[in-house]
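Next comes start01.txt, with compact mmCIF, C-alpha atoms.
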# COMPACT_ATOMS: atom_id res chain seq x y z
CA HIS A 210 -103.74 50.22 231.74
CA ILE A 211 -106.34 48.04 233.46
CA GLU A 212 -106.18 44.27 233.10
CA LYS A 213 -109.53 42.55 232.45
CA PRO A 214 -110.44 38.85 232.14
CA TRP A 215 -111.02 39.42 228.40
CA GLY A 216 -107.91 41.57 227.79
CA ARG A 217 -107.28 45.12 228.95
CA GLU A 218 -108.59 48.67 228.87
CA VAL A 219 -106.44 51.74 228.27
CA TRP A 220 -108.00 54.66 230.10
CA TYR A 221 -107.38 58.23 228.96
CA THR A 222 -109.91 60.03 231.17
CA GLY A 223 -110.64 57.34 233.77
CA MET A 224 -110.96 58.36 237.42
CA GLU A 225 -111.96 55.58 239.79
CA ASN A 226 -110.61 53.45 242.62
CA ARG A 227 -108.69 51.01 240.40
CA GLY A 228 -106.90 53.69 238.44
CA VAL A 229 -106.71 57.38 237.63
CA SER A 230 -105.48 58.60 234.26
CA SER A 231 -102.67 61.15 234.16
CA VAL A 232 -102.32 64.33 232.13
CA ARG A 233 -99.15 65.90 230.71
CA SER A 234 -98.48 69.51 229.77
CA PRO A 235 -95.31 71.55 229.13
CA SER A 236 -95.16 72.24 232.88
CA GLY A 237 -95.23 68.60 234.00
CA GLU A 238 -97.43 65.58 234.68
CA THR A 239 -100.03 64.84 237.34
CA ASP A 240 -103.25 62.92 237.93
CA LEU A 241 -106.11 64.07 235.73
CA ALA A 242 -108.42 64.43 238.73
CA TYR A 243 -105.86 66.67 240.48
CA ALA A 244 -105.45 68.92 237.43
CA LEU A 245 -109.22 69.26 237.04
CA GLY A 246 -109.55 70.05 240.73
CA LEU A 247 -106.93 72.82 240.50
CA PHE A 248 -108.09 74.38 237.23
CA PRO A 249 -111.72 73.37 236.62
CA LEU A 250 -112.85 76.51 234.81
CA PRO A 251 -109.96 77.00 232.34
CA ILE A 252 -109.82 73.28 231.50
CA MET A 253 -113.44 72.14 231.53
CA GLY A 254 -115.47 75.32 231.18
CA PRO A 255 -118.16 76.59 233.54
CA HIS A 256 -120.73 73.82 233.15
CA PHE A 257 -118.80 70.54 233.24
CA GLU A 258 -117.41 68.49 236.11
CA THR A 259 -116.37 65.14 234.66
CA PRO A 260 -114.96 64.61 231.15
CA ILE A 261 -116.43 62.23 228.62
CA LEU A 262 -114.95 58.81 229.34
CA LEU A 263 -112.39 57.97 226.66
CA LYS A 264 -110.75 54.55 226.53
CA VAL A 265 -109.38 51.89 224.20
CA LEU A 266 -110.63 48.29 224.52
CA GLU A 267 -108.07 45.61 223.63
CA PRO A 268 -109.71 42.15 223.73
CA LEU A 269 -107.54 39.05 223.63
CA PRO A 270 -107.53 37.26 220.25
CA ASP A 271 -108.72 34.04 221.96
CA SER A 272 -112.33 33.04 221.13
CA ASP A 273 -112.77 31.42 224.57
CA LEU A 274 -111.22 34.22 226.62
CA GLY A 275 -111.45 37.41 224.56
CA ASP A 276 -115.19 38.10 224.19
CA LEU A 277 -116.46 40.92 226.39
CA TYR A 278 -119.46 40.77 228.72
CA LEU A 279 -122.89 40.44 227.14
CA GLU A 280 -124.43 43.47 228.78
CA VAL A 281 -127.00 46.26 228.75
CA HIS A 282 -126.74 49.81 230.11
CA LYS A 283 -129.51 51.77 231.77
CA GLU A 284 -127.98 55.24 231.34
CA LYS A 285 -124.67 54.92 229.54
CA TRP A 286 -124.37 56.09 225.92
CA GLU A 287 -121.31 54.84 224.08
CA VAL A 288 -119.78 54.73 220.64
CA TYR A 289 -117.01 52.46 219.34
CA VAL A 290 -114.69 53.11 216.40
CA VAL A 291 -112.72 50.07 215.25
CA LEU A 292 -108.95 50.70 215.31
CA SER A 293 -107.51 47.32 214.32
CA MET A 294 -108.25 43.64 213.93
CA ASP A 295 -106.07 40.81 215.21
CA ALA A 296 -104.94 38.91 212.12
CA ALA A 297 -104.83 35.56 213.93
CA ALA A 298 -108.40 35.95 215.19
CA TRP A 299 -109.80 37.44 211.96
CA PRO A 300 -107.54 36.44 209.05
CA GLN A 301 -109.95 37.89 206.47
CA GLY A 302 -109.81 41.31 208.15
CA THR A 303 -113.47 41.40 209.20
CA GLY A 304 -114.30 40.98 212.87
CA ALA A 305 -117.63 41.11 214.66
CA MET A 306 -119.62 41.98 217.73
CA ARG A 307 -122.89 40.68 219.09
CA ALA A 308 -125.63 43.29 219.33
CA GLY A 309 -129.39 43.16 219.54
CA LEU A 310 -131.53 40.14 218.70
CA ALA A 311 -131.11 38.00 215.58
CA PRO A 312 -133.70 39.02 212.93
CA ASP A 313 -134.58 35.39 212.07
CA VAL A 314 -135.20 34.62 215.75
CA ILE A 315 -137.57 37.59 216.05
CA GLU A 316 -139.42 36.49 212.92
CA ASN A 317 -139.74 32.94 214.25
CA TYR A 318 -141.09 34.05 217.64
CA ARG A 319 -143.55 36.46 216.05
CA ALA A 320 -144.90 33.67 213.85
CA ARG A 321 -145.24 31.24 216.78
CA HIS A 322 -146.40 33.55 219.59
CA GLY A 323 -148.12 36.53 217.96
CA GLU A 324 -148.40 39.57 220.23
CA GLY A 325 -146.79 37.69 223.10
CA TRP A 326 -143.58 37.00 221.20
CA THR A 327 -141.37 39.31 223.29
CA ASN A 328 -142.30 37.61 226.57
CA ALA A 329 -141.79 34.17 225.08
CA LEU A 330 -138.42 35.07 223.57
CA GLU A 331 -137.21 36.74 226.76
CA ALA A 332 -138.22 33.69 228.84
CA ASP A 333 -136.48 31.22 226.50
CA LEU A 334 -133.33 33.34 226.27
CA LEU A 335 -133.21 33.64 230.05
CA ALA A 336 -133.60 29.84 230.36
CA ALA A 337 -130.71 29.34 227.91
CA ILE A 338 -128.54 31.75 229.91
CA ARG A 339 -129.42 30.02 233.19
CA ALA A 340 -128.47 26.66 231.67
CA TYR A 341 -125.15 28.11 230.53
CA GLN A 342 -124.55 29.66 233.95
CA LYS A 343 -124.70 26.24 235.60
CA VAL A 344 -121.93 24.79 233.47
CA ARG A 345 -120.00 28.07 233.70
CA ASN A 346 -120.08 27.90 237.50
CA GLU A 347 -118.89 24.31 237.42
CA ILE A 348 -115.90 25.17 235.25
CA ASP A 349 -115.08 28.31 237.22
CA GLY A 350 -115.10 26.29 240.44
CA LEU A 351 -112.49 23.92 239.00
CA LEU A 352 -110.37 26.85 237.79
CA GLU A 353 -110.55 28.60 241.16
CA ALA A 354 -109.22 25.44 242.81
CA VAL A 355 -106.24 25.58 240.43
CA TRP A 356 -105.59 29.26 241.19
CA SER A 357 -105.89 28.64 244.92
CA LYS A 358 -103.43 25.76 244.77
CA ARG A 359 -100.95 28.02 242.97
CA GLY A 360 -101.42 30.82 245.50
CA LEU A 361 -102.93 33.25 242.98
CA ASN A 362 -105.31 36.07 243.79
CA PRO A 363 -108.76 34.99 242.48
CA ALA A 364 -109.69 38.65 241.86
CA VAL A 365 -106.87 39.14 239.32
CA PRO A 366 -106.87 37.46 235.88
CA PRO A 367 -104.00 34.93 235.70
CA PRO A 368 -101.60 35.12 232.73
CA LEU A 369 -103.14 34.10 229.42
CA GLU A 370 -101.03 30.97 228.84
CA MET A 371 -101.74 29.75 232.36
CA ARG A 372 -105.48 30.13 231.74
CA ARG A 373 -105.22 28.27 228.43
CA GLU A 374 -103.35 25.42 230.10
CA ALA A 375 -105.89 25.21 232.92
CA LEU A 376 -108.81 25.20 230.47
CA ALA A 377 -107.17 22.39 228.52
CA ASP A 378 -107.16 20.30 231.71
CA ILE A 379 -110.93 20.68 232.19
CA PRO A 380 -112.69 17.37 231.32
CA ALA A 381 -113.54 17.26 227.62
CA SER A 382 -117.20 16.43 228.28
CA LEU A 383 -117.56 19.55 230.42
CA ARG A 384 -115.85 21.74 227.83
CA GLU A 385 -118.13 20.36 225.11
CA ARG A 386 -121.21 21.07 227.20
CA GLU A 387 -120.00 24.61 227.86
CA ALA A 388 -119.50 25.22 224.11
CA GLU A 389 -122.96 23.84 223.30
CA GLN A 390 -124.73 25.91 225.95
CA ARG A 391 -122.85 29.06 224.96
CA ALA A 392 -123.80 28.54 221.30
CA ALA A 393 -127.43 28.02 222.36
CA VAL A 394 -127.44 31.53 223.85
CA HIS A 395 -125.61 33.08 220.90
CA ARG A 396 -128.27 31.80 218.47
CA TYR A 397 -130.65 34.42 219.89
CA LEU A 398 -128.24 37.30 219.24
CA GLY A 399 -127.45 39.39 216.22
CA GLU A 400 -123.87 39.42 214.92
CA VAL A 401 -122.58 42.63 213.34
CA PRO A 402 -119.54 42.40 210.99
CA LEU A 403 -116.85 45.00 211.72
CA GLY A 404 -113.93 46.34 209.73
CA VAL A 405 -111.29 48.93 210.60
CA GLY A 406 -112.92 52.36 210.81
CA ASP A 407 -116.44 51.05 211.36
CA VAL A 408 -118.62 52.82 213.91
CA VAL A 409 -120.90 51.16 216.49
CA ARG A 410 -123.42 53.35 218.33
CA LEU A 411 -124.82 51.92 221.56
CA PRO A 412 -127.60 53.87 223.28
CA PRO A 413 -128.96 52.54 226.58
CA GLY A 414 -130.94 49.32 226.28
CA ASN A 415 -128.82 47.76 223.55
CA LEU A 416 -127.68 44.22 224.42
CA HIS A 417 -124.11 43.88 223.14
CA SER A 418 -120.74 42.15 223.41
CA LEU A 419 -117.56 43.10 221.55
CA LEU A 420 -115.81 39.97 220.29
CA HIS A 421 -112.22 38.80 220.70
CA GLY A 422 -109.40 40.45 218.78
CA VAL A 423 -111.38 43.58 217.79
CA ARG A 424 -109.61 46.66 219.15
CA VAL A 425 -111.73 49.81 219.46
CA VAL A 426 -111.60 53.33 220.84
CA GLU A 427 -114.64 54.24 222.89
CA PHE A 428 -116.28 57.52 223.87
CA GLN A 429 -118.99 57.20 226.52
CA THR A 430 -120.93 59.11 229.11
CA PRO A 431 -118.98 59.04 232.42
CA THR A 432 -121.35 56.66 234.19
CA TYR A 433 -120.12 53.46 235.78
CA GLU A 434 -123.06 51.08 235.46
CA ARG A 435 -123.95 47.96 233.53
CA LEU A 436 -126.17 44.90 233.72
CA ILE A 437 -124.32 41.70 232.83
CA ALA A 438 -126.59 39.23 231.07
CA MET A 439 -123.85 36.63 230.59
CA PHE A 440 -120.07 36.21 230.45
CA GLY A 441 -117.92 33.38 229.11
CA GLN A 442 -115.69 33.55 232.21
CA LYS A 443 -116.02 34.33 235.91
CA VAL A 444 -116.98 37.96 236.53
CA LEU A 445 -114.39 39.47 238.88
CA THR A 446 -116.01 42.83 239.66
CA GLN A 447 -119.34 41.57 241.04
CA PRO A 448 -120.55 38.27 242.56
CA HIS A 449 -123.52 37.70 240.25
CA TRP A 450 -125.00 38.11 236.78
CA ASP A 451 -127.91 40.49 236.16
CA SER A 452 -129.52 38.31 233.50
CA GLU A 453 -133.21 38.77 234.28
CA GLU A 454 -132.99 42.54 234.72
CA ALA A 455 -130.78 42.91 231.64
CA LEU A 456 -133.16 40.97 229.39
CA GLY A 457 -136.14 42.87 230.75
CA LEU A 458 -134.44 46.16 229.86
CA MET A 459 -132.97 45.21 226.47
CA ASP A 460 -134.45 46.48 223.22
CA LYS A 461 -136.44 43.68 221.60
CA GLN A 462 -135.14 44.34 218.10
CA PRO A 463 -132.11 43.79 215.87
CA TYR A 464 -129.15 46.13 216.05
CA THR A 465 -129.25 48.75 213.28
CA PRO A 466 -125.83 49.94 212.04
CA PRO A 467 -125.61 53.75 212.03
CA ALA A 468 -126.18 55.69 208.85
CA GLN A 469 -123.65 58.37 208.01
CA GLU A 470 -124.90 61.50 209.77
CA ALA A 471 -122.99 64.30 208.04
CA PHE A 472 -119.95 64.45 205.80
CA THR A 473 -118.07 67.21 204.00
CA SER A 474 -114.91 66.95 201.94
CA GLU A 475 -112.90 69.77 200.43
CA ALA A 476 -109.31 70.85 199.94
CA GLY A 477 -107.85 67.64 201.36
CA GLN A 478 -110.02 67.65 204.49
CA GLY A 479 -112.88 65.29 205.34
CA VAL A 480 -115.25 65.98 208.24
CA GLU A 481 -117.78 63.35 209.32
CA ARG A 482 -120.10 63.49 212.32
CA ILE A 483 -120.21 59.88 213.50
CA VAL A 484 -122.43 60.32 216.54
CA ASP A 485 -124.82 62.95 217.85
CA PHE A 486 -125.96 61.68 221.24
CA PRO A 487 -127.90 63.89 223.69
CA GLN A 488 -124.79 64.14 225.90
CA PHE A 489 -121.96 64.46 223.36
CA GLN A 490 -120.92 64.53 219.71
CA VAL A 491 -117.99 62.84 217.98
CA HIS A 492 -116.58 63.90 214.62
CA ARG A 493 -114.02 62.08 212.49
CA ILE A 494 -111.53 64.33 210.68
CA THR A 495 -109.10 63.29 207.95
CA LEU A 496 -106.38 65.55 206.54
CA GLU A 497 -104.27 64.58 203.55
CA GLN A 498 -100.51 64.85 203.95
CA GLY A 499 -99.25 68.41 204.24
CA VAL A 500 -102.76 69.88 204.58
CA GLN A 501 -103.56 72.42 207.28
CA ALA A 502 -107.07 73.31 208.41
CA PRO A 503 -108.79 75.22 211.23
CA GLY A 504 -109.69 73.10 214.23
CA VAL A 505 -113.26 71.88 214.53
CA VAL A 506 -115.36 74.22 216.66
CA GLY A 507 -117.36 72.46 219.36
CA ARG A 508 -119.60 73.93 222.01
CA GLU A 509 -118.48 77.40 223.04
CA GLY A 510 -116.81 77.56 226.44
CA CYS A 511 -116.16 73.85 226.96
CA TYR A 512 -113.34 71.36 226.53
CA GLN A 513 -112.77 68.94 223.64
CA LEU A 514 -111.22 65.45 223.56
CA LEU A 515 -109.07 64.51 220.59
CA PHE A 516 -107.83 61.00 219.75
CA VAL A 517 -105.46 60.32 216.84
CA THR A 518 -106.43 57.17 214.93
CA ALA A 519 -103.78 57.33 212.18
CA GLY A 520 -100.78 59.34 211.06
CA ARG A 521 -99.04 62.27 212.68
CA GLY A 522 -99.45 66.02 212.79
CA ARG A 523 -99.31 69.22 214.81
CA LEU A 524 -101.80 71.41 216.64
CA VAL A 525 -100.85 75.10 216.61
CA ASP A 526 -102.77 77.53 218.80
CA ALA A 527 -103.33 81.27 218.41
CA ALA A 528 -100.10 82.00 220.31
CA ASP A 529 -98.13 79.77 217.88
CA SER A 530 -97.60 77.20 220.63
CA GLU A 531 -97.22 73.77 219.00
CA THR A 532 -98.32 70.30 220.16
CA VAL A 533 -97.11 67.22 218.29
CA LEU A 534 -99.88 64.71 217.55
CA ALA A 535 -99.16 60.98 217.36
CA GLU A 536 -101.25 57.91 216.58
CA GLY A 537 -102.86 56.32 219.61
CA GLU A 538 -102.49 59.41 221.78
CA ALA A 539 -105.32 61.44 223.33
CA TYR A 540 -105.40 65.19 223.92
CA LEU A 541 -107.59 67.24 226.26
CA LEU A 542 -108.15 70.61 224.60
CA PRO A 543 -109.06 73.08 227.36
CA ALA A 544 -112.06 75.37 227.22
CA THR A 545 -109.72 78.37 227.08
CA LEU A 546 -107.67 77.13 224.10
CA GLY A 547 -109.33 79.40 221.54
CA ASN A 548 -108.79 79.02 217.80
CA TYR A 549 -106.23 76.51 216.59
CA VAL A 550 -104.95 75.02 213.35
CA MET A 551 -104.32 71.35 212.58
CA HIS A 552 -101.35 70.41 210.38
CA ALA A 553 -101.14 66.94 208.84
CA GLY A 554 -97.72 65.33 208.69
CA GLU A 555 -96.07 63.96 205.58
CA GLY A 556 -96.65 60.37 204.52
CA ALA A 557 -99.97 59.07 205.77
CA GLY A 558 -101.51 62.43 206.68
CA LEU A 559 -103.60 62.69 209.83
CA ALA A 560 -106.88 61.14 210.98
CA TYR A 561 -108.45 61.87 214.35
CA LEU A 562 -111.66 61.79 216.36
CA ILE A 563 -112.80 64.82 218.29
CA SER A 564 -115.60 65.00 220.84
CA TRP A 565 -117.26 67.56 223.07
CA PRO A 566 -120.13 67.47 225.57
CA LEU A 567 -123.60 68.82 224.88
CA ALA A 568 -125.41 68.27 228.19
CA ASP A 569 -124.47 70.41 231.17
CA THR A 570 -123.68 68.88 234.53
CA ALA A 571 -125.64 70.09 237.54
CA GLY A 572 -124.86 73.59 238.75
CA GLU A 573 -123.25 76.63 237.20
CA THR A 574 -119.85 76.21 238.85
CA PRO A 575 -117.88 72.97 238.50
CA LYS A 576 -116.97 71.03 241.59
CA THR A 577 -113.77 69.12 242.24
CA PRO A 578 -114.04 65.83 240.30
CA LYS A 579 -114.59 62.88 242.59
CA THR A 580 -113.34 59.33 242.14
CA PRO A 581 -116.40 57.06 241.81
CA ASN A 582 -116.39 54.40 244.51
CA THR A 583 -117.62 51.56 242.31
CA GLY A 584 -114.75 49.47 241.00
CA GLU A 585 -117.10 48.47 238.18
CA SER A 586 -115.86 50.24 235.10
CA TYR A 587 -116.93 48.87 231.72

Spit out the file's structure as structure tokens when you get a sec.
Amino acid sequence: HIEKPWGREVWYTGMENRGVSSVRSPSGETDLAYALGLFPLPIMGPHFETPILLKVLEPLPDSDLGDLYLEVHKEKWEVYVVLSMDAAAWPQGTGAMRAGLAPDVIENYRARHGEGWTNALEADLLAAIRAYQKVRNEIDGLLEAVWSKRGLNPAVPPPLEMRREALADIPASLREREAEQRAAVHRYLGEVPLGVGDVVRLPPGNLHSLLHGVRVVEFQTPTYERLIAMFGQKVLTQPHWDSEEALGLMDKQPYTPPAQEAFTSEAGQGVERIVDFPQFQVHRITLEQGVQAPGVVGREGCYQLLFVTAGRGRLVDAADSETVLAEGEAYLLPATLGNYVMHAGEGAGLAYLISWPLADTAGETPKTPKTPNTGESY
């Protein structure tokens, strides 16, 4: 569990300096990196070094403190599936995220600037972000003085209530200016409504920010890079924003929600492919209560990652060994598992996401997984 200024991340396959996920089996528990180093071939298969990065993002429900970074990735491919919505933040049950450019803004710039609309829009958006950054720095300087006076570590987010109290003490005129400048940036951005179960696909180049109180599970390529265009708080993992580079890289178009890729339903089982990226696939499986079905077959000779989104059940392998499945838990299915059967529990049945890699890592024989020396996870 990694604390962030906007909330926290729950890592299931994270391996970096600030934290390494653990893995449990009937024989005990150890660090994931250690297990993969000991048994790379039986767990991962012959072509894979580092597992798909699986995590849950839990933003605070606070509209001033819970929005994630507005960012762009150069190489990272990621997909979100919405798990829940904070009722206080989104009483109607529909949350949101910012992604891409607002369609009406694009239309306006095309009408005013013709073929040069992208350069004009990028320049104006960058100017709006720079204006916001000035007031952001002013507020963050005042807050840092408060944390210093209280003897707090400036690299660690203070408790939520303490931050709310400190923000309330910021001069009203400065808070109003911050809200106005932040809104001026947001007017350029598209806003995507989200409900529980919705899917967000984010290839590289997509400018995006998950909003407060929207809890998601995320599958992503195991790359630790991002370009921060803007953040509504002080960034703790790097000393600067990457606004100009991020805007230069971003797709100059609205975000397009994903169409359903493939779906089958029979005998109480639903199978939906929710993403088919070059590096990995993710399928969503639903089993009605009491139903049993063969496990989904991924790429031959490689691992799978399974995350339970709802209900309970059991996984039974060819040797009749049984694993209990519970909501919110993740399971690393080794390359040597073989055929298995999924059994849905009584009551709510079972719903889960399952993913496997498509792209090989370099080399025919896996190496011992290394802990990236970045400290800059998502």

Please tell me which residues are no farther than 12 Å from (-119.0, 81.5, 224.5) in the file, counting only C-alpha atoms, and write them as number ranges by chain.
A: 254-256, 506-512, 544-545, 547

If you count all atoms listed in the file, which residues fall within 12 Å of Gly404 (chain A), apart from same-chain ones fewer than 2 positions away, as JSON, numbers by chain?
{"A": [289, 290, 291, 292, 293, 294, 295, 296, 299, 300, 301, 302, 303, 304, 305, 306, 401, 402, 406, 407, 408, 409, 422, 423, 424, 425]}

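Taking CA of Leu496 (chain A) and CA of Ala519 (chain A) as the two end points, the separation is 10.3 Å.
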
Might you pull out every residue within 8 Å of region 448-460 of chain A, with all atoms listed in the file counted and same-chain residues fewer than 2 positions away left off, and present them as a PyMOL selection string?
chain A and resi 280-281+283+309+331+335+338+414-416+436-439+444-446+462

Write out, as a short mmCIF file (atom, residue, chain, number, x, y, z; two decimals), in the frame of the given file, the residues just selected, with C-alpha atoms.
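Generated file (part26.cif):
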data_model
loop_
_atom_site.label_atom_id
_atom_site.label_comp_id
_atom_site.auth_asym_id
_atom_site.auth_seq_id
_atom_site.Cartn_x
_atom_site.Cartn_y
_atom_site.Cartn_z
CA GLU A 280 -124.43 43.47 228.78
CA VAL A 281 -127.00 46.26 228.75
CA LYS A 283 -129.51 51.77 231.77
CA GLY A 309 -129.39 43.16 219.54
CA GLU A 331 -137.21 36.74 226.76
CA LEU A 335 -133.21 33.64 230.05
CA ILE A 338 -128.54 31.75 229.91
CA GLY A 414 -130.94 49.32 226.28
CA ASN A 415 -128.82 47.76 223.55
CA LEU A 416 -127.68 44.22 224.42
CA LEU A 436 -126.17 44.90 233.72
CA ILE A 437 -124.32 41.70 232.83
CA ALA A 438 -126.59 39.23 231.07
CA MET A 439 -123.85 36.63 230.59
CA VAL A 444 -116.98 37.96 236.53
CA LEU A 445 -114.39 39.47 238.88
CA THR A 446 -116.01 42.83 239.66
CA GLN A 462 -135.14 44.34 218.10
#

Restricting the calculation to only C-alpha atoms: of A:Leu567, A:Pro503, A:Leu419, A:Asp333, which residue gets closest to Ala553 (chain A)?
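With only C-alpha atoms as the atom set, the closest residue is A:Pro503.
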
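Counting from CA of Ala336 (chain A), the distance to CA of Asp273 (chain A) is 21.7 Å.
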
Rank A:Glu370, A:Glu212, A:Glu258, A:Glu400 by their smallest atom-to-atom distance to Arg227 (chain A), using all atoms listed in the file, and report the top residue only.
A:Glu212

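Put simply, CA of Ala364 (chain A) is 27.1 Å away from CA of Ser382 (chain A).
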
When you look at Arg384 (chain A) with a cut-off of 12 Å (counting only C-alpha atoms), what residues show up, excluding the ones that are within fewer than 3 positions of it in the same chain? I need them as number ranges by chain.
A: 273, 341, 344-345, 347-349, 351, 375-381, 387-391, 441

Would you save the residues from that selection as a PDB file, keeping the file's coordinate frame, using C-alpha atoms?
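Dumped everything to part-v4.pdb:
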ATOM      1  CA  ASP A 273    -112.770  31.420 224.570  1.00  0.00           C
ATOM      2  CA  TYR A 341    -125.150  28.110 230.530  1.00  0.00           C
ATOM      3  CA  VAL A 344    -121.930  24.790 233.470  1.00  0.00           C
ATOM      4  CA  ARG A 345    -120.000  28.070 233.700  1.00  0.00           C
ATOM      5  CA  GLU A 347    -118.890  24.310 237.420  1.00  0.00           C
ATOM      6  CA  ILE A 348    -115.900  25.170 235.250  1.00  0.00           C
ATOM      7  CA  ASP A 349    -115.080  28.310 237.220  1.00  0.00           C
ATOM      8  CA  LEU A 351    -112.490  23.920 239.000  1.00  0.00           C
ATOM      9  CA  ALA A 375    -105.890  25.210 232.920  1.00  0.00           C
ATOM     10  CA  LEU A 376    -108.810  25.200 230.470  1.00  0.00           C
ATOM     11  CA  ALA A 377    -107.170  22.390 228.520  1.00  0.00           C
ATOM     12  CA  ASP A 378    -107.160  20.300 231.710  1.00  0.00           C
ATOM     13  CA  ILE A 379    -110.930  20.680 232.190  1.00  0.00           C
ATOM     14  CA  PRO A 380    -112.690  17.370 231.320  1.00  0.00           C
ATOM     15  CA  ALA A 381    -113.540  17.260 227.620  1.00  0.00           C
ATOM     16  CA  GLU A 387    -120.000  24.610 227.860  1.00  0.00           C
ATOM     17  CA  ALA A 388    -119.500  25.220 224.110  1.00  0.00           C
ATOM     18  CA  GLU A 389    -122.960  23.840 223.300  1.00  0.00           C
ATOM     19  CA  GLN A 390    -124.730  25.910 225.950  1.00  0.00           C
ATOM     20  CA  ARG A 391    -122.850  29.060 224.960  1.00  0.00           C
ATOM     21  CA  GLY A 441    -117.920  33.380 229.110  1.00  0.00           C
TER      22      GLY A 441
END

Could I get region 457-476 of chain A rebuilt with N, CA and C atoms, written as a compact mmCIF listing (two decimals), in the coordinates of the input?
# COMPACT_ATOMS: atom_id res chain seq x y z
N GLY A 457 -134.93 42.08 230.65
CA GLY A 457 -136.14 42.87 230.75
C GLY A 457 -135.95 44.27 230.20
N LEU A 458 -134.73 44.80 230.32
CA LEU A 458 -134.44 46.16 229.86
C LEU A 458 -134.07 46.24 228.39
N MET A 459 -133.54 45.16 227.83
CA MET A 459 -132.97 45.21 226.47
C MET A 459 -134.03 45.56 225.43
N ASP A 460 -133.59 46.23 224.37
CA ASP A 460 -134.45 46.48 223.22
C ASP A 460 -134.77 45.16 222.54
N LYS A 461 -136.02 44.94 222.25
CA LYS A 461 -136.44 43.68 221.60
C LYS A 461 -136.44 43.87 220.09
N GLN A 462 -135.27 44.09 219.54
CA GLN A 462 -135.14 44.34 218.10
C GLN A 462 -133.71 44.07 217.66
N PRO A 463 -133.48 43.95 216.34
CA PRO A 463 -132.11 43.79 215.87
C PRO A 463 -131.32 45.09 216.04
N TYR A 464 -130.01 44.95 216.05
CA TYR A 464 -129.15 46.13 216.05
C TYR A 464 -129.16 46.74 214.64
N THR A 465 -129.28 48.05 214.57
CA THR A 465 -129.25 48.75 213.28
C THR A 465 -127.96 49.53 213.16
N PRO A 466 -127.08 49.18 212.21
CA PRO A 466 -125.83 49.94 212.04
C PRO A 466 -126.14 51.39 211.73
N PRO A 467 -125.31 52.32 212.21
CA PRO A 467 -125.61 53.75 212.03
C PRO A 467 -125.44 54.19 210.58
N ALA A 468 -126.35 55.03 210.15
CA ALA A 468 -126.18 55.69 208.85
C ALA A 468 -125.23 56.86 209.03
N GLN A 469 -124.55 57.23 207.94
CA GLN A 469 -123.65 58.37 208.01
C GLN A 469 -124.46 59.63 208.30
N GLU A 470 -124.09 60.36 209.34
CA GLU A 470 -124.90 61.50 209.77
C GLU A 470 -124.61 62.76 208.96
N ALA A 471 -123.35 63.09 208.77
CA ALA A 471 -122.99 64.30 208.04
C ALA A 471 -121.56 64.16 207.56
N PHE A 472 -121.30 64.59 206.34
CA PHE A 472 -119.95 64.45 205.80
C PHE A 472 -119.68 65.60 204.83
N THR A 473 -118.52 66.22 204.97
CA THR A 473 -118.07 67.21 204.00
C THR A 473 -116.64 66.89 203.62
N SER A 474 -116.27 67.21 202.41
CA SER A 474 -114.91 66.95 201.94
C SER A 474 -114.51 68.06 200.98
N GLU A 475 -113.41 68.73 201.31
CA GLU A 475 -112.90 69.77 200.43
C GLU A 475 -111.46 70.07 200.79
N ALA A 476 -110.71 70.41 199.77
CA ALA A 476 -109.31 70.85 199.94
C ALA A 476 -108.50 69.92 200.82
